[in-house]
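Colleague: I'd like to ask some things about the structure below.
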Amino acid sequence: MGRRLLALVAVVAASIGSVVACDLEVDTKFGPHSGLSKNNLPNPPPSEAGISSDGGLPCGTAVDGGACTVSWNNDIWPKMTGTWHCSDAKCHGGTAYQPQLDTADDAYNNMMTYKVGTLPYINPCSLDPDASAFVCNVSNPNCGAAQMPFPDNTLGSGPMSGGDLSLVTTWVQCGAPKN
């Protein structure tokens, strides 16, 4: 009986040792496989992409541009869904073109994380229009893949008017607040 118990203890010890050894030997830059958790996954879950680890903005801290005469909710978003046709199904409201602009909240967040070259489309961490691609993309055919909205009246919008360009520029100079 003593030999059988000793043999059983040896088999159990060997089994436990190999499991522990395997777990400790197989290591990634994120730690051992058994140590992976939400905090150290190789890639962030898609819903958290673009948001910094502290839950803030991808660019850091939003600037305070003071009182702004242009509002995302009252001026910019209504133009995107109306006059400019940005959120039409044939454009960014469909599934083909990024960033997706289906709702005001999604549009703002997607424009903040979408980049043209190295610039975010909107940058709430700067008062400089050159720190975001929005002003450039709506006023210059050489900024991004195509000038937005299409200047050739593709969706009935034509190029932005001088007043609309001024509206976008003013809003970006306020720090592109979600106001």
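Residue names in the structure tokens use chain letters A, B, ... in the order shown, residue numbers from 1 in each chain, and ligand numbers from 1 in the order shown.
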I'd like the neighbourhood of Ile76 (chain A) as JSON, numbers by chain, where a residue qualifies if any of its atoms comes within 10 Å (using only C-alpha atoms), though same-chain residues fewer than 5 positions away should be ignored.
Modeller: {"A": [70, 71, 81, 82, 84, 104, 164, 167, 168, 171, 176, 178]}
Colleague: I need the chosen residues saved as a short mmCIF file (atom, residue, chain, number, x, y, z; two decimals), in the first residue's frame, with C-alpha atoms.
Modeller:
```cif
data_model
loop_
_atom_site.label_atom_id
_atom_site.label_comp_id
_atom_site.auth_asym_id
_atom_site.auth_seq_id
_atom_site.Cartn_x
_atom_site.Cartn_y
_atom_site.Cartn_z
CA VAL A 70 -21.06 77.18 -33.52
CA SER A 71 -22.55 74.02 -32.08
CA THR A 81 -27.36 65.12 -42.34
CA GLY A 82 -28.93 67.74 -44.60
CA TRP A 84 -23.85 68.34 -47.11
CA ALA A 104 -24.63 62.35 -34.10
CA ASP A 164 -20.35 76.69 -44.37
CA LEU A 167 -18.91 77.53 -39.79
CA VAL A 168 -16.60 74.47 -39.83
CA TRP A 171 -16.15 75.20 -34.71
CA ALA A 176 -14.41 70.96 -32.00
CA LYS A 178 -19.41 68.08 -28.76
#
```
Colleague: Just want the 9 Å neighbourhood of Ala133 (chain A), counted on only C-alpha atoms, with same-chain residues fewer than 4 positions away dropped. Output as a list in words.
Modeller: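 Everything that qualifies: Lys115, Val116, Gly117, Thr118, Leu119, Pro120, Tyr121, Ile122, Asn123, Pro129, Asn137, Val138, Cys143 and Gly144 of chain A.
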Colleague: Any chance you can output those residues with C-alpha atoms as a CSV table (one decimal), in the first residue's frame?
Modeller:
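Final output, result_27.csv:
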```csv
chain,number,residue,atom,x,y,z
A,115,LYS,CA,-7.4,59.9,-39.7
A,116,VAL,CA,-6.5,61.5,-43.0
A,117,GLY,CA,-2.8,60.9,-43.2
A,118,THR,CA,-1.6,61.4,-39.6
A,119,LEU,CA,-4.2,64.0,-38.6
A,120,PRO,CA,-7.5,63.1,-36.8
A,121,TYR,CA,-10.5,64.3,-38.8
A,122,ILE,CA,-11.5,66.4,-35.7
A,123,ASN,CA,-9.1,67.2,-32.8
A,129,PRO,CA,-7.5,74.1,-37.7
A,137,ASN,CA,-10.9,68.1,-46.4
A,138,VAL,CA,-13.9,70.4,-46.9
A,143,CYS,CA,-6.6,66.8,-48.8
A,144,GLY,CA,-7.6,63.2,-48.3
```
Colleague: Do you have the CA of Pro149 (chain A)-CA of Thr61 (chain A) distance handy?
Modeller: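 The value is 29.2 Å.
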Colleague: By how many Å are CA of Gly156 (chain A) and CA of Ser132 (chain A) apart?
Modeller: 25.7 Å
